[in-house]
Amino acid sequence: MTTQTHMMTSTGRAATATGLAVSFSAVRLRPLIAVVVASAVLLGVTLGGVIVPADVHMVVLLVAVPAITAAADNMRTTVSMTALACLGVVAVDVDDGLPSSPILPIDVLGLLVVCVLVLVFLRMRDVDHRTLRAVRSVSETAQRALLPPLPCRVAGLEIATAYRSAAAHAHIGGDVYAVERVDRTVRMLIGDVRGNGLAAVDDAAAVIGAFREAAHRDVQLERVALSLDASVRRRVDQAGQTDSNAAERFITALVLEIPDDSHVVHVISCGHPDLMRSHGTDVDILEVPQPAPPLGLGGDQVAYQINTFGFEPEDTLLLHTDGLLETRNAAGVFYPALDRFALLAEDEPQYLIERLMSDLTVHAGGEVQDDVAMVAVRRRVAPPTEGAGEDGNRASPVPNIPPGL
């Protein structure tokens with residue numbers, strides 16, 4: 001079992017690395033390919049124009065040379081190749097006995113006109129790219145404000161996150177995550193806001209703020225979930241005054257609590273996809289049998305049931321939104337999230353998250369149609385302290401729950 005897992009892990013890593021290498025090489029080789037193709041056209045048309053009879057005027061095909069160089073995204077390349085194409089025009093027209101004919105300057109003028117148009121389009125594209133970079137910079141700043149990077153280490157946990165927005169060239173959407181250290185526990189939230197656009201971003205910011213307050217204010221985890229639901233419902237009621245579709249706004253979420261002195265994780269599910277766990281070479285889904293309604297749909301404290309699962313040292317939890325499960329490839333096949341997690345579960349959390357996101361993008365053909373958020377949490381092996389806790393006090397023994405529970 002272990003040997004097979006290692007073999008599958010190596011295969012998964014190789015496939016992911018190959019996909020990234022191909023994508024990177026394609027971007028780097030595009031200018032070179034454009035120059036090679038333009039040069040081949042220039043050489044072929046020039047030689048053909050010299051060889052064929054004079055009544056076959058092939059030189060007009062040289063207008064393709066500056067047009068092809070547009071793919072190189074370099075104005076100097078376009079100007080240089082156009083100058084060479086003009087020399088080719090002169091050579092062919094002189095060979096055809098047209099040095100004094102008005103055809104020669106017309107052919108050259110045609111090349112120059114195409115070159116100018118290409119330069120204008122390149123300039124316009126540069127302006128669009130600068131605008132896009134400015135917009136992306138703003139979205140990145142907004143994302144850092146809404147979803148600031150989680151700490152890499154909290155108590156005995158290693159944490160890594162990844163986020164991908166479905167909106168083209170955007171870095172922000174409706175998926176949320178947050179971590180708060182409370183006394184001798186770590187509380188976590190991952191959620192998915194229904195809908196998209198500014199309304200979803202606004203709801204996401206609100207639920208994160210509500211979680212940060214409730215995580216420190218409410219002792220019981222059920223009360224934290226209840227506070228989040230009340231906060232979302234208040235926002236829905238307020239939004240209903242101006243938005244007729246406000247009643248359809250809700251947030252699926254997982255609320256977690258990981259105590260320092262017990263190898264368990266407590267989970268409350270509010271209609272959210274179950275988290276995954278790796279334990280040694282085993283990978284499973286921690287299914288919540290009776291999830292509560294999503295936040296905003298009026299749950300009560302009785303509905304928010306705590307489910308406890310084992311979380312041993314060197315185990316890894318994978319929290320995610322439904323974008324990880326619902327992404328399809330060109331054949332309509334869903335992304336095999338659990339199988340890919342099994343391939344990469346032994347990696348460090350940051351590498352695990354990055355490779356999963358890269359593999360998901362490859363599976364989707366480069367276009368992920370939904371927001372995707374992932375959080376990987378690994379419990380480190382605690383150093384021997386002779387029973388003392390972090391604060392120097394001896395921790396009371398708490399029985400561990402087996403991983404299968």
# chains A, B, ... in the order shown; residues from 1 in each chain; ligands from 1
>>> residues_around(residues="range 214-228 of chain A", least_positions_apart="3", cutoff="7 Å", atoms="only C-alpha atoms", output="tab-separated table (two decimals) with all heavy atoms, in the first residue's frame")
chain	number	residue	atom	x	y	z
A	180	GLU	N	-8.77	32.06	13.92
A	180	GLU	CA	-8.62	32.84	15.14
A	180	GLU	C	-8.09	31.94	16.25
A	180	GLU	O	-8.58	30.82	16.44
A	180	GLU	CB	-9.95	33.45	15.57
A	180	GLU	CG	-10.46	34.56	14.66
A	180	GLU	CD	-9.57	35.79	14.67
A	180	GLU	OE1	-9.05	36.13	15.75
A	180	GLU	OE2	-9.40	36.39	13.60
A	182	VAL	N	-7.96	31.24	20.03
A	182	VAL	CA	-8.79	31.57	21.19
A	182	VAL	C	-8.36	30.68	22.35
A	182	VAL	O	-8.58	29.46	22.30
A	182	VAL	CB	-10.28	31.37	20.87
A	182	VAL	CG1	-11.12	31.77	22.08
A	182	VAL	CG2	-10.68	32.15	19.63
A	187	ARG	N	-9.81	28.27	16.16
A	187	ARG	CA	-11.09	28.22	15.49
A	187	ARG	C	-10.93	28.67	14.04
A	187	ARG	O	-10.21	29.64	13.77
A	187	ARG	CB	-12.12	29.10	16.22
A	187	ARG	CG	-12.57	28.48	17.54
A	187	ARG	CD	-13.57	29.33	18.28
A	187	ARG	NE	-14.18	28.58	19.38
A	187	ARG	CZ	-15.03	29.09	20.27
A	187	ARG	NH1	-15.38	30.36	20.20
A	187	ARG	NH2	-15.54	28.32	21.21
A	207	VAL	N	-19.28	38.30	6.81
A	207	VAL	CA	-19.26	37.06	7.58
A	207	VAL	C	-17.88	36.84	8.22
A	207	VAL	O	-17.79	36.29	9.32
A	207	VAL	CB	-19.66	35.86	6.69
A	207	VAL	CG1	-18.54	35.45	5.75
A	207	VAL	CG2	-20.07	34.67	7.56
A	210	ALA	N	-17.91	39.01	11.29
A	210	ALA	CA	-18.75	38.41	12.33
A	210	ALA	C	-18.06	37.23	12.98
A	210	ALA	O	-18.15	37.04	14.21
A	210	ALA	CB	-20.09	37.97	11.72
A	211	PHE	N	-17.33	36.44	12.20
A	211	PHE	CA	-16.63	35.28	12.76
A	211	PHE	C	-15.53	35.72	13.72
A	211	PHE	O	-15.36	35.14	14.79
A	211	PHE	CB	-16.04	34.42	11.63
A	211	PHE	CG	-15.12	33.34	12.12
A	211	PHE	CD1	-15.62	32.20	12.71
A	211	PHE	CD2	-13.74	33.50	12.01
A	211	PHE	CE1	-14.76	31.21	13.18
A	211	PHE	CE2	-12.88	32.51	12.46
A	211	PHE	CZ	-13.40	31.36	13.06
A	231	SER	N	-26.01	37.21	11.99
A	231	SER	CA	-25.38	38.31	11.28
A	231	SER	C	-25.75	38.29	9.80
A	231	SER	O	-26.09	39.33	9.21
A	231	SER	CB	-23.86	38.24	11.44
A	231	SER	OG	-23.23	39.24	10.67
A	232	VAL	N	-25.72	37.11	9.20
A	232	VAL	CA	-26.08	37.01	7.78
A	232	VAL	C	-27.55	37.36	7.56
A	232	VAL	O	-27.90	38.04	6.60
A	232	VAL	CB	-25.76	35.59	7.25
A	232	VAL	CG1	-26.26	35.42	5.82
A	232	VAL	CG2	-24.26	35.33	7.31
A	255	VAL	N	-17.54	25.49	10.37
A	255	VAL	CA	-16.94	26.14	11.53
A	255	VAL	C	-16.20	25.06	12.31
A	255	VAL	O	-16.81	24.05	12.71
A	255	VAL	CB	-18.00	26.82	12.41
A	255	VAL	CG1	-17.34	27.58	13.55
A	255	VAL	CG2	-18.87	27.76	11.57
A	295	LEU	N	-25.84	29.44	6.43
A	295	LEU	CA	-26.00	30.67	7.19
A	295	LEU	C	-26.93	31.62	6.44
A	295	LEU	O	-26.79	31.85	5.24
A	295	LEU	CB	-24.63	31.34	7.39
A	295	LEU	CG	-23.57	30.50	8.11
A	295	LEU	CD1	-22.25	31.25	8.14
A	295	LEU	CD2	-24.03	30.14	9.52
A	300	ASP	N	-31.12	27.24	14.22
A	300	ASP	CA	-31.17	27.50	15.66
A	300	ASP	C	-30.06	26.69	16.31
A	300	ASP	O	-29.38	25.89	15.67
A	300	ASP	CB	-32.54	27.15	16.26
A	300	ASP	CG	-32.95	25.72	15.93
A	300	ASP	OD1	-32.09	24.82	15.97
A	300	ASP	OD2	-34.14	25.51	15.62
A	301	GLN	N	-29.87	26.90	17.59
A	301	GLN	CA	-28.74	26.27	18.28
A	301	GLN	C	-28.84	24.75	18.26
A	301	GLN	O	-27.83	24.06	18.21
A	301	GLN	CB	-28.65	26.77	19.72
A	301	GLN	CG	-27.36	26.34	20.43
A	301	GLN	CD	-27.12	27.09	21.71
A	301	GLN	OE1	-27.90	27.97	22.07
A	301	GLN	NE2	-26.04	26.75	22.40
A	304	TYR	N	-27.24	23.22	15.10
A	304	TYR	CA	-25.79	23.27	14.95
A	304	TYR	C	-25.15	22.20	15.84
A	304	TYR	O	-24.78	22.46	16.99
A	304	TYR	CB	-25.27	24.66	15.29
A	304	TYR	CG	-25.81	25.72	14.37
A	304	TYR	CD1	-26.58	26.78	14.87
A	304	TYR	CD2	-25.58	25.66	13.00
A	304	TYR	CE1	-27.09	27.74	14.02
A	304	TYR	CE2	-26.08	26.62	12.14
A	304	TYR	CZ	-26.85	27.65	12.67
A	304	TYR	OH	-27.35	28.60	11.81
>>> residues_around(residues="Glu326 in chain A", least_positions_apart="2", cutoff="12 Å", atoms="only C-alpha atoms", output="JSON, numbers by chain")
{"A": [273, 320, 321, 322, 323, 324, 328, 329, 332, 333, 334, 335, 336, 337, 360, 363, 364, 368, 369, 370, 371, 372]}
>>> write_last_selection(atoms="C-alpha atoms", output="short mmCIF file (atom, residue, chain, number, x, y, z; two decimals), in the first residue's frame")
data_model
loop_
_atom_site.label_atom_id
_atom_site.label_comp_id
_atom_site.auth_asym_id
_atom_site.auth_seq_id
_atom_site.Cartn_x
_atom_site.Cartn_y
_atom_site.Cartn_z
CA PRO A 273 -18.91 20.31 1.46
CA HIS A 320 -12.38 23.56 0.44
CA THR A 321 -15.33 25.16 -1.30
CA ASP A 322 -17.53 23.40 -3.85
CA GLY A 323 -15.50 24.75 -6.77
CA LEU A 324 -12.97 21.98 -6.10
CA ARG A 328 -15.41 19.60 -14.96
CA ASN A 329 -13.10 18.88 -17.86
CA GLY A 332 -17.85 16.72 -18.42
CA VAL A 333 -15.99 14.63 -15.83
CA PHE A 334 -15.82 16.13 -12.34
CA TYR A 335 -12.41 16.74 -10.81
CA PRO A 336 -11.40 13.66 -8.73
CA ALA A 337 -10.52 15.72 -5.66
CA LEU A 360 -7.38 21.58 -11.03
CA HIS A 363 -8.23 19.45 -15.50
CA ALA A 364 -10.49 22.39 -16.38
CA VAL A 368 -12.02 27.27 -13.81
CA GLN A 369 -15.68 28.32 -13.90
CA ASP A 370 -16.24 28.75 -10.16
CA ASP A 371 -14.44 30.35 -7.23
CA VAL A 372 -12.16 27.89 -5.47
#
>>> residues_around(residues="Asp274 in chain A", least_positions_apart="3", cutoff="9 Å", atoms="only C-alpha atoms", output="list in words")
Leu254, Ser269, Gly271, Ile285, Leu286, Glu287, Val288, Leu319 and His320 of chain A
>>> write_last_selection(atoms="C-alpha atoms", output="mmCIF file, in the first residue's frame")
data_model
loop_
_atom_site.group_PDB
_atom_site.id
_atom_site.type_symbol
_atom_site.label_atom_id
_atom_site.label_comp_id
_atom_site.auth_asym_id
_atom_site.auth_seq_id
_atom_site.Cartn_x
_atom_site.Cartn_y
_atom_site.Cartn_z
ATOM 1 C CA LEU A 254 -17.769 24.931 8.027
ATOM 2 C CA SER A 269 -21.378 22.060 8.958
ATOM 3 C CA GLY A 271 -24.570 23.013 4.292
ATOM 4 C CA ILE A 285 -13.908 12.335 3.824
ATOM 5 C CA LEU A 286 -15.136 13.454 7.258
ATOM 6 C CA GLU A 287 -18.841 13.236 6.575
ATOM 7 C CA VAL A 288 -21.206 15.245 8.733
ATOM 8 C CA LEU A 319 -10.955 22.430 3.765
ATOM 9 C CA HIS A 320 -12.379 23.558 0.437
#
>>> closest_residue(among="A:Val50, A:Ala204, A:Val118, A:Ile190", to="Asp96 in chain A", atoms="only C-alpha atoms")
A:Val50
>>> residues_around(residues="Thr185 in chain A", least_positions_apart="2", cutoff="12 Å", atoms="only C-alpha atoms", output="list in words")
Val154, Ala155, Gly156, Leu157, Val179, Glu180, Arg181, Val182, Asp183, Arg187, Met188, Ala215, His216, Val219, Gln220, Leu221, Leu256, Glu257, Ile258, Pro259, Asp260, Asp261, Ser262, His263, Val264, Val265, His266 and Glu390 of chain A
>>> write_last_selection(atoms="N, CA and C atoms", output="PDB file, in the first residue's frame")
ATOM      1  N   VAL A 154       0.105  28.208  13.607  1.00  0.00           N
ATOM      2  CA  VAL A 154      -0.698  28.622  14.752  1.00  0.00           C
ATOM      3  C   VAL A 154      -0.655  27.479  15.750  1.00  0.00           C
ATOM      4  N   ALA A 155      -0.087  27.767  16.933  1.00  0.00           N
ATOM      5  CA  ALA A 155       0.079  26.715  17.949  1.00  0.00           C
ATOM      6  C   ALA A 155       0.802  25.535  17.307  1.00  0.00           C
ATOM      7  N   GLY A 156       0.203  24.361  17.309  1.00  0.00           N
ATOM      8  CA  GLY A 156       0.851  23.186  16.725  1.00  0.00           C
ATOM      9  C   GLY A 156       0.387  22.871  15.331  1.00  0.00           C
ATOM     10  N   LEU A 157      -0.140  23.867  14.606  1.00  0.00           N
ATOM     11  CA  LEU A 157      -0.703  23.638  13.281  1.00  0.00           C
ATOM     12  C   LEU A 157       0.095  24.364  12.209  1.00  0.00           C
ATOM     13  N   VAL A 179      -9.024  32.324  10.430  1.00  0.00           N
ATOM     14  CA  VAL A 179      -8.493  31.558  11.558  1.00  0.00           C
ATOM     15  C   VAL A 179      -8.347  32.504  12.739  1.00  0.00           C
ATOM     16  N   GLU A 180      -8.769  32.063  13.916  1.00  0.00           N
ATOM     17  CA  GLU A 180      -8.617  32.838  15.136  1.00  0.00           C
ATOM     18  C   GLU A 180      -8.090  31.936  16.247  1.00  0.00           C
ATOM     19  N   ARG A 181      -7.074  32.423  16.954  1.00  0.00           N
ATOM     20  CA  ARG A 181      -6.526  31.718  18.110  1.00  0.00           C
ATOM     21  C   ARG A 181      -7.289  32.189  19.345  1.00  0.00           C
ATOM     22  N   VAL A 182      -7.956  31.240  20.035  1.00  0.00           N
ATOM     23  CA  VAL A 182      -8.786  31.573  21.190  1.00  0.00           C
ATOM     24  C   VAL A 182      -8.363  30.681  22.346  1.00  0.00           C
ATOM     25  N   ASP A 183      -7.756  31.293  23.383  1.00  0.00           N
ATOM     26  CA  ASP A 183      -7.264  30.546  24.533  1.00  0.00           C
ATOM     27  C   ASP A 183      -6.368  29.398  24.044  1.00  0.00           C
ATOM     28  N   ARG A 187      -9.807  28.269  16.162  1.00  0.00           N
ATOM     29  CA  ARG A 187     -11.094  28.223  15.486  1.00  0.00           C
ATOM     30  C   ARG A 187     -10.930  28.674  14.042  1.00  0.00           C
ATOM     31  N   MET A 188     -11.624  27.964  13.148  1.00  0.00           N
ATOM     32  CA  MET A 188     -11.460  28.220  11.726  1.00  0.00           C
ATOM     33  C   MET A 188     -12.822  28.309  11.058  1.00  0.00           C
ATOM     34  N   ALA A 215     -15.839  34.381  17.430  1.00  0.00           N
ATOM     35  CA  ALA A 215     -14.864  33.372  17.839  1.00  0.00           C
ATOM     36  C   ALA A 215     -14.282  33.680  19.214  1.00  0.00           C
ATOM     37  N   HIS A 216     -14.139  34.950  19.536  1.00  0.00           N
ATOM     38  CA  HIS A 216     -13.577  35.341  20.833  1.00  0.00           C
ATOM     39  C   HIS A 216     -14.671  35.594  21.882  1.00  0.00           C
ATOM     40  N   VAL A 219     -18.240  31.198  23.960  1.00  0.00           N
ATOM     41  CA  VAL A 219     -17.470  30.064  24.467  1.00  0.00           C
ATOM     42  C   VAL A 219     -17.806  28.800  23.689  1.00  0.00           C
ATOM     43  N   GLN A 220     -19.068  28.555  23.446  1.00  0.00           N
ATOM     44  CA  GLN A 220     -19.500  27.346  22.761  1.00  0.00           C
ATOM     45  C   GLN A 220     -19.420  27.533  21.245  1.00  0.00           C
ATOM     46  N   LEU A 221     -18.991  26.475  20.563  1.00  0.00           N
ATOM     47  CA  LEU A 221     -18.887  26.547  19.100  1.00  0.00           C
ATOM     48  C   LEU A 221     -20.268  26.697  18.454  1.00  0.00           C
ATOM     49  N   LEU A 256     -14.902  25.252  12.510  1.00  0.00           N
ATOM     50  CA  LEU A 256     -14.065  24.228  13.130  1.00  0.00           C
ATOM     51  C   LEU A 256     -13.428  24.748  14.405  1.00  0.00           C
ATOM     52  N   GLU A 257     -13.126  23.801  15.284  1.00  0.00           N
ATOM     53  CA  GLU A 257     -12.385  24.101  16.505  1.00  0.00           C
ATOM     54  C   GLU A 257     -11.379  22.971  16.737  1.00  0.00           C
ATOM     55  N   ILE A 258     -10.102  23.352  16.885  1.00  0.00           N
ATOM     56  CA  ILE A 258      -9.040  22.375  17.089  1.00  0.00           C
ATOM     57  C   ILE A 258      -8.373  22.678  18.429  1.00  0.00           C
ATOM     58  N   PRO A 259      -8.626  21.879  19.450  1.00  0.00           N
ATOM     59  CA  PRO A 259      -8.014  22.123  20.768  1.00  0.00           C
ATOM     60  C   PRO A 259      -6.542  21.725  20.783  1.00  0.00           C
ATOM     61  N   ASP A 260      -5.773  22.410  21.601  1.00  0.00           N
ATOM     62  CA  ASP A 260      -4.350  22.101  21.719  1.00  0.00           C
ATOM     63  C   ASP A 260      -4.102  20.769  22.423  1.00  0.00           C
ATOM     64  N   ASP A 261      -4.935  20.455  23.424  1.00  0.00           N
ATOM     65  CA  ASP A 261      -4.629  19.334  24.322  1.00  0.00           C
ATOM     66  C   ASP A 261      -5.386  18.063  23.971  1.00  0.00           C
ATOM     67  N   SER A 262      -5.957  17.982  22.798  1.00  0.00           N
ATOM     68  CA  SER A 262      -6.666  16.774  22.388  1.00  0.00           C
ATOM     69  C   SER A 262      -6.524  16.612  20.881  1.00  0.00           C
ATOM     70  N   HIS A 263      -6.241  15.405  20.428  1.00  0.00           N
ATOM     71  CA  HIS A 263      -6.003  15.160  19.011  1.00  0.00           C
ATOM     72  C   HIS A 263      -7.323  14.938  18.278  1.00  0.00           C
ATOM     73  N   VAL A 264      -8.141  15.966  18.274  1.00  0.00           N
ATOM     74  CA  VAL A 264      -9.443  15.913  17.610  1.00  0.00           C
ATOM     75  C   VAL A 264      -9.696  17.241  16.906  1.00  0.00           C
ATOM     76  N   VAL A 265     -10.716  17.229  16.062  1.00  0.00           N
ATOM     77  CA  VAL A 265     -11.216  18.448  15.452  1.00  0.00           C
ATOM     78  C   VAL A 265     -12.735  18.428  15.575  1.00  0.00           C
ATOM     79  N   HIS A 266     -13.300  19.517  16.065  1.00  0.00           N
ATOM     80  CA  HIS A 266     -14.751  19.661  16.193  1.00  0.00           C
ATOM     81  C   HIS A 266     -15.262  20.448  14.986  1.00  0.00           C
ATOM     82  N   GLU A 390       1.733  24.749  26.649  1.00  0.00           N
ATOM     83  CA  GLU A 390       2.471  25.903  26.140  1.00  0.00           C
ATOM     84  C   GLU A 390       2.690  26.951  27.217  1.00  0.00           C
TER      85      GLU A 390
END
>>> select_by_dssp(residues="range 133-375 of chain A", states="strand (DSSP E or B)", output="count of residues only")
68
>>> residues_around(residues="Glu354 in chain A", least_positions_apart="6", cutoff="10 Å", atoms="only C-alpha atoms", output="PyMOL selection string")
chain A and resi 160-163+360+374
>>> write_last_selection(atoms="C-alpha atoms", output="PDB file, in the first residue's frame")
ATOM      1  CA  ALA A 160      -1.558  26.937   3.868  1.00  0.00           C
ATOM      2  CA  THR A 161      -4.204  28.562   1.684  1.00  0.00           C
ATOM      3  CA  ALA A 162      -4.983  28.993  -1.997  1.00  0.00           C
ATOM      4  CA  TYR A 163      -7.691  31.025  -3.696  1.00  0.00           C
ATOM      5  CA  LEU A 360      -7.379  21.576 -11.029  1.00  0.00           C
ATOM      6  CA  MET A 374      -8.612  25.639  -0.186  1.00  0.00           C
TER       7      MET A 374
END
>>> atom_distance(atom1="CA of Leu111 in chain A", atom2="CA of Ala83 in chain A")
9.0 Å
>>> select_by_dssp(residues="range 123-290 of chain A", states="alpha helix (DSSP H)", output="PyMOL selection string")
chain A and resi 123-146+197-217+221-239
>>> residues_around(residues="Arg277 in chain A", least_positions_apart="6", cutoff="10 Å", atoms="only C-alpha atoms", output="VMD selection string")
chain A and resid 283 to 286 309 to 311 315 to 319 338 341 to 342 345 376 to 378 403
>>> write_last_selection(atoms="N, CA, C and O atoms", output="CSV table (one decimal), in the first residue's frame")
chain,number,residue,atom,x,y,z
A,283,VAL,N,-6.7,8.2,3.2
A,283,VAL,CA,-7.4,9.5,3.0
A,283,VAL,C,-8.9,9.2,3.0
A,283,VAL,O,-9.3,8.3,2.4
A,284,ASP,N,-9.6,10.0,3.7
A,284,ASP,CA,-11.0,9.9,3.8
A,284,ASP,C,-11.7,11.2,3.8
A,284,ASP,O,-11.1,12.3,4.0
A,285,ILE,N,-13.0,11.2,3.7
A,285,ILE,CA,-13.9,12.3,3.8
A,285,ILE,C,-14.6,12.3,5.2
A,285,ILE,O,-15.2,11.3,5.6
A,286,LEU,N,-14.5,13.4,5.9
A,286,LEU,CA,-15.1,13.5,7.3
A,286,LEU,C,-16.6,13.9,7.1
A,286,LEU,O,-16.9,15.1,7.1
A,309,PHE,N,-14.0,14.5,15.1
A,309,PHE,CA,-13.2,13.5,14.4
A,309,PHE,C,-11.8,13.5,14.9
A,309,PHE,O,-11.3,14.5,15.4
A,310,GLY,N,-11.1,12.4,14.7
A,310,GLY,CA,-9.7,12.3,15.1
A,310,GLY,C,-8.8,13.2,14.2
A,310,GLY,O,-9.0,13.3,13.0
A,311,PHE,N,-7.8,13.8,14.8
A,311,PHE,CA,-6.9,14.6,14.1
A,311,PHE,C,-5.5,14.5,14.8
A,311,PHE,O,-5.1,15.2,15.7
A,315,ASP,N,-1.4,14.3,10.6
A,315,ASP,CA,-2.6,14.3,9.8
A,315,ASP,C,-2.7,15.6,9.1
A,315,ASP,O,-2.3,16.6,9.6
A,316,THR,N,-3.4,15.6,8.0
A,316,THR,CA,-3.7,16.8,7.2
A,316,THR,C,-5.1,16.9,6.9
A,316,THR,O,-5.8,16.0,6.5
A,317,LEU,N,-5.7,18.1,7.2
A,317,LEU,CA,-7.1,18.4,6.9
A,317,LEU,C,-7.1,19.3,5.6
A,317,LEU,O,-6.3,20.2,5.5
A,318,LEU,N,-8.0,19.0,4.7
A,318,LEU,CA,-8.2,19.8,3.5
A,318,LEU,C,-9.6,20.4,3.5
A,318,LEU,O,-10.6,19.7,3.3
A,319,LEU,N,-9.7,21.7,3.8
A,319,LEU,CA,-11.0,22.4,3.8
A,319,LEU,C,-11.1,23.1,2.4
A,319,LEU,O,-10.1,23.6,1.8
A,338,LEU,N,-10.7,13.8,-4.2
A,338,LEU,CA,-10.2,12.9,-3.2
A,338,LEU,C,-9.0,12.1,-3.7
A,338,LEU,O,-8.0,11.9,-3.0
A,341,PHE,N,-6.0,14.4,-3.9
A,341,PHE,CA,-5.5,14.7,-2.5
A,341,PHE,C,-4.7,13.5,-2.0
A,341,PHE,O,-3.7,13.7,-1.3
A,342,ALA,N,-5.1,12.3,-2.3
A,342,ALA,CA,-4.4,11.1,-1.9
A,342,ALA,C,-3.0,11.1,-2.5
A,342,ALA,O,-2.0,10.7,-1.8
A,345,ALA,N,-1.0,14.1,-0.6
A,345,ALA,CA,-1.2,14.3,0.9
A,345,ALA,C,0.1,14.3,1.7
A,345,ALA,O,0.2,15.0,2.7
A,376,ALA,N,-5.2,24.0,3.8
A,376,ALA,CA,-4.7,22.7,4.3
A,376,ALA,C,-4.1,23.0,5.7
A,376,ALA,O,-3.4,24.0,5.9
A,377,VAL,N,-4.4,22.1,6.6
A,377,VAL,CA,-4.0,22.2,8.0
A,377,VAL,C,-3.4,20.9,8.4
A,377,VAL,O,-4.0,19.8,8.3
A,378,ARG,N,-2.1,21.0,8.9
A,378,ARG,CA,-1.4,19.8,9.3
A,378,ARG,C,-1.0,20.0,10.8
A,378,ARG,O,-0.5,21.0,11.2
A,403,PRO,N,-8.8,7.8,14.5
A,403,PRO,CA,-9.0,8.4,13.3
A,403,PRO,C,-10.2,8.0,12.6
A,403,PRO,O,-10.8,8.7,11.8
